[in-house]
Amino acid sequence: MGKSLYEKVFERHTVRRLPSGQYQLLMGLQLIHEVTSPQAFSMLRERGWKVMFPGRNFATVDHIIPTDNQARPYADAIANEMLVTLERNCAEFGINYFGVAEGEQGVVHIIGPEKGLTQPGMTMCCGDSHTATHGAFGALAFGIGTSQVRDVLATQTLAMGKLKVRRIEVNGRLRPGVYAKDVILHIIQKLGVKGGVGYAYDYAGDVIERMSMEERMTVCNMSIEGGARCGYVNPDSVTYNYIKGREYAPPPGAWASAIKYWESVKSDPDASYDDIVKFDGNEIEPIVTWGITPGQSLSINGVIPAAEQFPASERSNIEEAYEYMSFAPGQPIKGINIDVAFIGSCTNGRISDFEEVVKHISGRGFKVSPHVTALIVPGSMAVKEEMIRRGYDKIFREAGFEFREAGCSLCLAMNPDKLKGRQISASSSNRNFKGRQGSPAGRTLLMSPVMVAAAAIAGQVADARELFGIKEN
Amino acid sequence: MKRTHIKGRAVSLRGNDIDTDRIIPARYLRCVVFDGLGGHAFKDDREQLRAKGRTHPFDHPDFAQAEILLVNKNFGCGSSREHAPQSIARWGKGIKAIAGESFAEIFFGNCVALGIPCVTVSEAGIDELMTANEADPAREFALDLETMTLTCQPSADAAERAKPLAIKVSLPAGPRQQFIRGRWDSAAELLDAKNEVAAAAAKLPYFSNWR
């Protein structure tokens with residue numbers, strides 16, 4: 001019987017079995033940001049510990065950085081203190097830091113791949129649940145808490161139990177106007193937000209194989225929203241071509257041995273899985289969330305479901321969602337007015353996300369609806385630079401979008417970008433939890449970047465295929 | 001320090017999929033220490049209920065002494081922020097154990113690191129425990145990780161009307177051992193194997209940037 005990538009990579013990184021029965025697992029790479037690391041560094045200092053492998057840790061600032069004015073000091077004194085603390089910690093412990101001054105800053109999950117740091121067959125971790133993103137390369141990438149960040153700084157290892165593995169095959173062909181974001185929202189809708197608890201998701205099938213690296217990152221990014229601890233795609237030529245030539249990619253002399261290692265960790269054709277689920281890509285529609293969990297979603301032409309359609313134990317959550325969102329069962333999602341539109345985040349803030357939107361709005365005279373504030377937030381300084389090189393900044397500005405600096409922005413609103421009051425946001429981010437976008441009563445509708453652009457222009461939730469004339473082939 | 005027996009009053013928080021943004025809204029993550037997070041636990045939920053004239057269990061004086069938290073399914077889903085269990089552990093007298101139908105994994109792991117066992121109970125079991133807790137907030141609960149039971153005795157006032165409960169709980173073997181052996185603070189244990197870690201790292205082709 002063959003093995004899955006999960007089993008192979010786990011075995012190759014196992015240091016030993018711990019007395020508790022868990023495994024001490026070596027982390028090939030740790031990414032660090034300003035929110036979940038300061039206490040970890042303090043704990044190191046208190047205990048007099050050093051960082052064991054500083055060269056395998058990389059940091060940047062993303063959650064708290066303003067996207068309008070990044071001049072220092074930041075207007076928010078606490079945010080500024082967090083930035084300064086991170087810089088000081090990195091300097092003191094000898095950790096690589098990607099800052100604004102160096103032109104290297106960005107959302108931590110965008111810059112890992114961009115720099116070529118993220119590679120197949122690695123174990124990775126970060127004090128951030130969307131670390132799952134890096135699974136797109138065939139890495140095992142785990143979101144962890146601050147005490148574990150401390151553990152990895154001190155020992156480059158984590159104590160972990162083994163997960164089960166669920167193979168998720170998406171076969172067939174996506175229809176025009178249906179994107180990677182819709183694929184993962186569809187999977188979460190069908191398997192539920194707790195469906196993945198205890199599992200690693202092994203994404204496969206024609207649809208996944210045909211995806212670009214950036215699309216695969218969007219899918220893996222939201223594994224956590226489906227309850228899975230991590231998700232990955234087996235590496236292939238798409239992966240290798242993406243990595244080649246990047247700053248931290250294997251040098252030409254080591255390329256052949258890198259490919260050999262990467263190929264060796266792929267799931268075997270006869271690997272056994274704890275569960276296998278199959279989806280038909282042709283059936284997936286553009287999806288919009290209507291509630292307060294990423295699983296509460298529907299296709300753009302659907303109506304908000306009745307509570308009776310759900311198991312009894314879920315109904316109180318559904319009722320809570322109606323109340324919070326002020327939506328009623330039977331109400332179509334299309335046509336709901338929005339106040340804010342946000343394209344960005346570690347889910348959908350990469351160059352190809354903006355490229356796809358530009359493809360539909362460029363030169364067509366579309367304007368953001370007057371009552372909508374629409375933000376375009378590049379995932380990194382490098383993405384922003386490339387957008388400017390291609391002239392996207394002008395295209396977005398002419399259409400009435402604000403073109404911002406790189407950061408997490410409105411995804412979790414730990415910075416000045418926030419919803420106000422009960423505003424409704426059409427968002428390309430990953431979570432529609434209560435209060436997620438900065439206002440305790442703010443409402444979030446998750447969707448693909450092209451659907452966000454359509455909502456921004458229409459002023460209400462719209463079918464991008466109709467607005468932009470995206471036709472069946 | 002061993003965490004085998006945990007005793008105290010309880011507080012019930014009904015509802016599935018209670019995410020870490022609700023446990024501690026992101027604006028309170030703007031900090032470089034965990035001190036002071038206790039007052040912000042469930043901040044927005046509490047204020048919204050108050051505005052509607054209702055009371056969140058964390059605001060109810062009957063539950064102010066609680067040290068054991070009872071929850072439903074997928075508690076702690078969403079963000080990996082350790083600030084969530086840190087705030088719960090710092091609320092009131094401090095929550096020292098959580099019993100629920102299921103937990104999100106990162107939250108569960110963060111709780112282990114803080115010495116807070118998150119034990120799993122059946123749907124019927126948690127409902128019995130919550131009902132008992134809500135009917136008689138002064139009931140004393142006791143979690144025993146050796147016998148894997150969560151028991152509760154009626155308070156002196158209610159002793160005649162209510163029966164004691166003993167509900168089976170479960171916890172994966174690894175974390176259970178960590179609590180029983182007092183080795184839930186993993187860093188020291190991981191540091192014991194520094195030489196093995198270095199040896200494992202040396203075997204990985206990529207660890208020195210393919211050089």
# chains A, B, ... in the order shown; residues from 1 in each chain; ligands from 1
call {"tool": "interface_residues", "arguments": {"of": "chain A", "to": "chain B", "cutoff": "6 Å", "atoms": "only C-alpha atoms", "output": "count of residues only"}}
result
16
call {"tool": "select_by_dssp", "arguments": {"residues": "stretch 57-159 of chain B", "states": "alpha helix (DSSP H)", "output": "PyMOL selection string"}}
result
chain B and resi 83-90+105-113+123-135
call {"tool": "write_last_selection", "arguments": {"atoms": "C-alpha atoms", "output": "PDB file, in the first residue's frame"}}
result
ATOM      1  CA  HIS B  83      -5.403  35.460  22.616  1.00  0.00           C
ATOM      2  CA  ALA B  84      -8.730  33.548  22.612  1.00  0.00           C
ATOM      3  CA  PRO B  85      -7.866  30.944  25.262  1.00  0.00           C
ATOM      4  CA  GLN B  86      -5.642  33.512  26.998  1.00  0.00           C
ATOM      5  CA  SER B  87      -8.673  35.788  27.443  1.00  0.00           C
ATOM      6  CA  ILE B  88     -10.897  32.945  28.671  1.00  0.00           C
ATOM      7  CA  ALA B  89      -8.179  31.867  31.098  1.00  0.00           C
ATOM      8  CA  ARG B  90      -8.020  35.427  32.436  1.00  0.00           C
ATOM      9  CA  GLU B 105      -7.970  21.921  16.481  1.00  0.00           C
ATOM     10  CA  ILE B 106      -5.771  24.989  16.729  1.00  0.00           C
ATOM     11  CA  PHE B 107      -7.844  26.261  19.656  1.00  0.00           C
ATOM     12  CA  PHE B 108      -7.562  22.852  21.308  1.00  0.00           C
ATOM     13  CA  GLY B 109      -3.765  22.886  20.895  1.00  0.00           C
ATOM     14  CA  ASN B 110      -3.490  26.422  22.245  1.00  0.00           C
ATOM     15  CA  CYS B 111      -5.468  25.356  25.309  1.00  0.00           C
ATOM     16  CA  VAL B 112      -3.126  22.416  25.882  1.00  0.00           C
ATOM     17  CA  ALA B 113      -0.184  24.834  25.830  1.00  0.00           C
ATOM     18  CA  GLU B 123     -24.506  15.880  22.654  1.00  0.00           C
ATOM     19  CA  ALA B 124     -26.877  14.412  25.253  1.00  0.00           C
ATOM     20  CA  GLY B 125     -24.191  14.615  27.942  1.00  0.00           C
ATOM     21  CA  ILE B 126     -23.395  18.271  27.370  1.00  0.00           C
ATOM     22  CA  ASP B 127     -27.084  19.117  27.337  1.00  0.00           C
ATOM     23  CA  GLU B 128     -27.540  17.439  30.734  1.00  0.00           C
ATOM     24  CA  LEU B 129     -24.551  19.295  32.131  1.00  0.00           C
ATOM     25  CA  MET B 130     -25.663  22.655  30.739  1.00  0.00           C
ATOM     26  CA  THR B 131     -29.215  22.202  31.962  1.00  0.00           C
ATOM     27  CA  ALA B 132     -27.986  21.302  35.426  1.00  0.00           C
ATOM     28  CA  ASN B 133     -25.593  24.261  35.449  1.00  0.00           C
ATOM     29  CA  GLU B 134     -28.229  26.739  34.315  1.00  0.00           C
ATOM     30  CA  ALA B 135     -30.831  25.467  36.796  1.00  0.00           C
TER      31      ALA B 135
END
call {"tool": "residues_around", "arguments": {"residues": "stretch 143-148 of chain B", "least_positions_apart": "4", "cutoff": "12 Å", "atoms": "only C-alpha atoms", "output": "mmCIF file with N, CA, C and O atoms, in the first residue's frame"}}
result
data_model
loop_
_atom_site.group_PDB
_atom_site.id
_atom_site.type_symbol
_atom_site.label_atom_id
_atom_site.label_comp_id
_atom_site.auth_asym_id
_atom_site.auth_seq_id
_atom_site.Cartn_x
_atom_site.Cartn_y
_atom_site.Cartn_z
ATOM 1 N N LYS B 2 0.791 19.033 37.673
ATOM 2 C CA LYS B 2 -0.200 18.128 37.088
ATOM 3 C C LYS B 2 -1.560 18.799 36.978
ATOM 4 O O LYS B 2 -1.908 19.641 37.795
ATOM 5 N N ARG B 3 -2.312 18.413 35.961
ATOM 6 C CA ARG B 3 -3.673 18.942 35.786
ATOM 7 C C ARG B 3 -4.628 17.754 35.659
ATOM 8 O O ARG B 3 -5.225 17.539 34.612
ATOM 9 N N THR B 4 -4.727 16.977 36.709
ATOM 10 C CA THR B 4 -5.544 15.766 36.649
ATOM 11 C C THR B 4 -6.946 15.999 37.191
ATOM 12 O O THR B 4 -7.916 15.467 36.667
ATOM 13 N N HIS B 5 -7.042 16.796 38.241
ATOM 14 C CA HIS B 5 -8.348 17.072 38.857
ATOM 15 C C HIS B 5 -8.606 18.569 38.838
ATOM 16 O O HIS B 5 -7.799 19.350 39.340
ATOM 17 N N ILE B 6 -9.727 18.962 38.239
ATOM 18 C CA ILE B 6 -10.079 20.383 38.187
ATOM 19 C C ILE B 6 -11.496 20.541 38.727
ATOM 20 O O ILE B 6 -12.425 19.882 38.255
ATOM 21 N N LYS B 7 -11.638 21.386 39.724
ATOM 22 C CA LYS B 7 -12.941 21.550 40.380
ATOM 23 C C LYS B 7 -13.383 22.997 40.318
ATOM 24 O O LYS B 7 -12.541 23.903 40.317
ATOM 25 N N GLY B 8 -14.687 23.193 40.298
ATOM 26 C CA GLY B 8 -15.190 24.557 40.373
ATOM 27 C C GLY B 8 -16.589 24.667 39.811
ATOM 28 O O GLY B 8 -17.164 23.690 39.319
ATOM 29 N N ARG B 9 -17.110 25.859 39.874
ATOM 30 C CA ARG B 9 -18.432 26.109 39.281
ATOM 31 C C ARG B 9 -18.286 26.206 37.765
ATOM 32 O O ARG B 9 -17.175 26.339 37.254
ATOM 33 N N ALA B 10 -19.431 26.155 37.082
ATOM 34 C CA ALA B 10 -19.391 26.149 35.619
ATOM 35 C C ALA B 10 -20.205 27.295 35.025
ATOM 36 O O ALA B 10 -21.026 27.915 35.713
ATOM 37 N N GLU B 67 -15.262 28.296 36.785
ATOM 38 C CA GLU B 67 -13.896 27.917 36.385
ATOM 39 C C GLU B 67 -13.891 26.833 35.323
ATOM 40 O O GLU B 67 -12.843 26.430 34.834
ATOM 41 N N ILE B 68 -15.111 26.325 35.016
ATOM 42 C CA ILE B 68 -15.239 25.315 33.966
ATOM 43 C C ILE B 68 -16.258 25.827 32.955
ATOM 44 O O ILE B 68 -17.323 26.316 33.328
ATOM 45 N N LEU B 69 -15.881 25.774 31.676
ATOM 46 C CA LEU B 69 -16.741 26.297 30.620
ATOM 47 C C LEU B 69 -17.376 25.136 29.856
ATOM 48 O O LEU B 69 -16.682 24.185 29.478
ATOM 49 N N LEU B 70 -18.705 25.219 29.633
ATOM 50 C CA LEU B 70 -19.423 24.181 28.884
ATOM 51 C C LEU B 70 -19.860 24.765 27.542
ATOM 52 O O LEU B 70 -20.466 25.845 27.506
ATOM 53 N N LYS B 96 -10.478 27.031 33.768
ATOM 54 C CA LYS B 96 -9.379 26.067 33.901
ATOM 55 C C LYS B 96 -9.590 24.797 33.114
ATOM 56 O O LYS B 96 -8.672 23.985 32.953
ATOM 57 N N ALA B 97 -10.826 24.584 32.647
ATOM 58 C CA ALA B 97 -11.120 23.416 31.797
ATOM 59 C C ALA B 97 -12.348 23.731 30.964
ATOM 60 O O ALA B 97 -13.192 24.544 31.376
ATOM 61 N N ILE B 98 -12.430 23.115 29.781
ATOM 62 C CA ILE B 98 -13.589 23.322 28.914
ATOM 63 C C ILE B 98 -14.137 21.957 28.518
ATOM 64 O O ILE B 98 -13.366 21.043 28.180
ATOM 65 N N ALA B 99 -15.459 21.804 28.592
ATOM 66 C CA ALA B 99 -16.095 20.571 28.122
ATOM 67 C C ALA B 99 -17.066 20.945 27.021
ATOM 68 O O ALA B 99 -17.820 21.916 27.159
ATOM 69 N N ILE B 116 -5.013 24.013 29.811
ATOM 70 C CA ILE B 116 -6.474 23.951 29.911
ATOM 71 C C ILE B 116 -6.982 22.745 29.123
ATOM 72 O O ILE B 116 -6.983 22.763 27.889
ATOM 73 N N PRO B 117 -7.403 21.671 29.799
ATOM 74 C CA PRO B 117 -7.925 20.539 29.039
ATOM 75 C C PRO B 117 -9.271 20.884 28.387
ATOM 76 O O PRO B 117 -10.125 21.497 29.019
ATOM 77 N N CYS B 118 -9.432 20.510 27.115
ATOM 78 C CA CYS B 118 -10.713 20.635 26.416
ATOM 79 C C CYS B 118 -11.237 19.217 26.209
ATOM 80 O O CYS B 118 -10.767 18.506 25.317
ATOM 81 N N VAL B 119 -12.165 18.803 27.044
ATOM 82 C CA VAL B 119 -12.656 17.427 26.952
ATOM 83 C C VAL B 119 -13.946 17.379 26.147
ATOM 84 O O VAL B 119 -14.722 18.326 26.136
ATOM 85 N N THR B 120 -14.128 16.258 25.453
ATOM 86 C CA THR B 120 -15.278 16.094 24.582
ATOM 87 C C THR B 120 -16.354 15.273 25.297
ATOM 88 O O THR B 120 -16.054 14.291 25.973
ATOM 89 N N VAL B 121 -17.592 15.713 25.105
ATOM 90 C CA VAL B 121 -18.745 15.078 25.751
ATOM 91 C C VAL B 121 -19.805 14.866 24.673
ATOM 92 O O VAL B 121 -19.877 15.634 23.712
ATOM 93 N N CYS B 152 -21.009 16.439 38.653
ATOM 94 C CA CYS B 152 -21.440 17.639 39.356
ATOM 95 C C CYS B 152 -22.415 17.294 40.461
ATOM 96 O O CYS B 152 -23.290 16.454 40.305
ATOM 97 N N GLN B 153 -22.192 17.926 41.583
ATOM 98 C CA GLN B 153 -23.028 17.732 42.777
ATOM 99 C C GLN B 153 -23.986 18.911 42.871
ATOM 100 O O GLN B 153 -23.586 20.044 42.640
ATOM 101 N N LEU B 165 -24.671 14.276 38.872
ATOM 102 C CA LEU B 165 -24.452 13.766 37.513
ATOM 103 C C LEU B 165 -23.016 13.268 37.397
ATOM 104 O O LEU B 165 -22.113 13.836 38.012
ATOM 105 N N ALA B 166 -22.821 12.248 36.597
ATOM 106 C CA ALA B 166 -21.456 11.803 36.266
ATOM 107 C C ALA B 166 -21.452 11.476 34.776
ATOM 108 O O ALA B 166 -22.112 10.546 34.335
ATOM 109 N N ILE B 167 -20.751 12.302 34.010
ATOM 110 C CA ILE B 167 -20.777 12.179 32.551
ATOM 111 C C ILE B 167 -19.382 11.766 32.072
ATOM 112 O O ILE B 167 -18.373 12.315 32.510
ATOM 113 N N LYS B 168 -19.361 10.816 31.143
ATOM 114 C CA LYS B 168 -18.094 10.366 30.562
ATOM 115 C C LYS B 168 -17.530 11.430 29.620
ATOM 116 O O LYS B 168 -18.267 12.013 28.841
ATOM 117 N N VAL B 169 -16.251 11.663 29.720
ATOM 118 C CA VAL B 169 -15.609 12.618 28.809
ATOM 119 C C VAL B 169 -14.481 11.912 28.057
ATOM 120 O O VAL B 169 -14.020 10.855 28.489
ATOM 121 N N SER B 170 -14.069 12.499 26.940
ATOM 122 C CA SER B 170 -12.901 11.926 26.265
ATOM 123 C C SER B 170 -11.893 13.012 25.913
ATOM 124 O O SER B 170 -12.234 14.200 25.820
ATOM 125 N N LEU B 171 -10.667 12.573 25.757
ATOM 126 C CA LEU B 171 -9.541 13.462 25.457
ATOM 127 C C LEU B 171 -8.514 12.575 24.759
ATOM 128 O O LEU B 171 -8.250 11.467 25.221
ATOM 129 N N PRO B 172 -7.937 13.017 23.641
ATOM 130 C CA PRO B 172 -6.936 12.174 22.974
ATOM 131 C C PRO B 172 -5.813 11.775 23.947
ATOM 132 O O PRO B 172 -5.464 12.546 24.854
ATOM 133 N N ALA B 173 -5.270 10.587 23.736
ATOM 134 C CA ALA B 173 -4.308 10.021 24.692
ATOM 135 C C ALA B 173 -3.100 10.939 24.924
ATOM 136 O O ALA B 173 -2.636 11.073 26.058
ATOM 137 N N PRO B 175 -2.523 14.445 24.666
ATOM 138 C CA PRO B 175 -2.754 15.552 25.594
ATOM 139 C C PRO B 175 -3.133 15.068 27.002
ATOM 140 O O PRO B 175 -2.710 15.656 27.997
ATOM 141 N N ARG B 176 -3.896 13.978 27.070
ATOM 142 C CA ARG B 176 -4.295 13.471 28.403
ATOM 143 C C ARG B 176 -3.039 13.137 29.209
ATOM 144 O O ARG B 176 -2.914 13.519 30.378
ATOM 145 N N GLN B 177 -2.100 12.462 28.550
ATOM 146 C CA GLN B 177 -0.839 12.131 29.228
ATOM 147 C C GLN B 177 -0.085 13.389 29.640
ATOM 148 O O GLN B 177 0.508 13.442 30.708
ATOM 149 N N GLN B 178 -0.099 14.391 28.754
ATOM 150 C CA GLN B 178 0.611 15.645 29.079
ATOM 151 C C GLN B 178 0.051 16.264 30.357
ATOM 152 O O GLN B 178 0.806 16.718 31.210
ATOM 153 N N PHE B 179 -1.287 16.269 30.487
ATOM 154 C CA PHE B 179 -1.890 16.861 31.693
ATOM 155 C C PHE B 179 -1.605 16.007 32.924
ATOM 156 O O PHE B 179 -1.271 16.521 33.985
ATOM 157 N N ILE B 180 -1.735 14.684 32.776
ATOM 158 C CA ILE B 180 -1.557 13.792 33.922
ATOM 159 C C ILE B 180 -0.102 13.819 34.394
ATOM 160 O O ILE B 180 0.181 13.794 35.595
ATOM 161 N N ARG B 181 0.841 13.898 33.425
ATOM 162 C CA ARG B 181 2.256 13.912 33.789
ATOM 163 C C ARG B 181 2.759 15.313 34.126
ATOM 164 O O ARG B 181 3.910 15.497 34.509
ATOM 165 N N GLY B 182 1.884 16.297 33.938
ATOM 166 C CA GLY B 182 2.306 17.673 34.218
ATOM 167 C C GLY B 182 3.282 18.203 33.182
ATOM 168 O O GLY B 182 4.073 19.101 33.454
#
call {"tool": "closest_residue", "arguments": {"among": "B:Met1, B:Asp136, B:Gly38, B:Gly92", "to": "B:Arg161", "atoms": "only C-alpha atoms"}}
result
B:Asp136
call {"tool": "residues_around", "arguments": {"residues": "A:His360", "least_positions_apart": "3", "cutoff": "9 Å", "atoms": "only C-alpha atoms", "output": "VMD selection string"}}
result
chain A and resid 355 to 357 363 to 364 450 468 to 470
call {"tool": "closest_residue", "arguments": {"among": "A:Met217, A:Ile64, A:Met82, A:Leu419", "to": "A:Val340", "atoms": "only C-alpha atoms"}}
result
A:Leu419
call {"tool": "atom_distance", "arguments": {"atom1": "atom CA of A:Leu191", "atom2": "atom CA of A:Arg443"}}
result
23.4 Å
call {"tool": "atom_distance", "arguments": {"atom1": "atom CA of A:Tyr179", "atom2": "atom CA of A:Pro286"}}
result
7.5 Å
call {"tool": "residues_around", "arguments": {"residues": "A:Pro329", "least_positions_apart": "4", "cutoff": "9 Å", "atoms": "only C-alpha atoms", "output": "PyMOL selection string"}}
result
chain A and resi 303-307+322
call {"tool": "closest_residue", "arguments": {"among": "A:Trp49, A:Tyr242, A:Tyr392, A:Tyr248", "to": "A:Ala154", "atoms": "only C-alpha atoms"}}
result
A:Trp49
call {"tool": "atom_distance", "arguments": {"atom1": "atom CA of A:Ile110", "atom2": "atom CA of A:Ser147"}}
result
23.8 Å
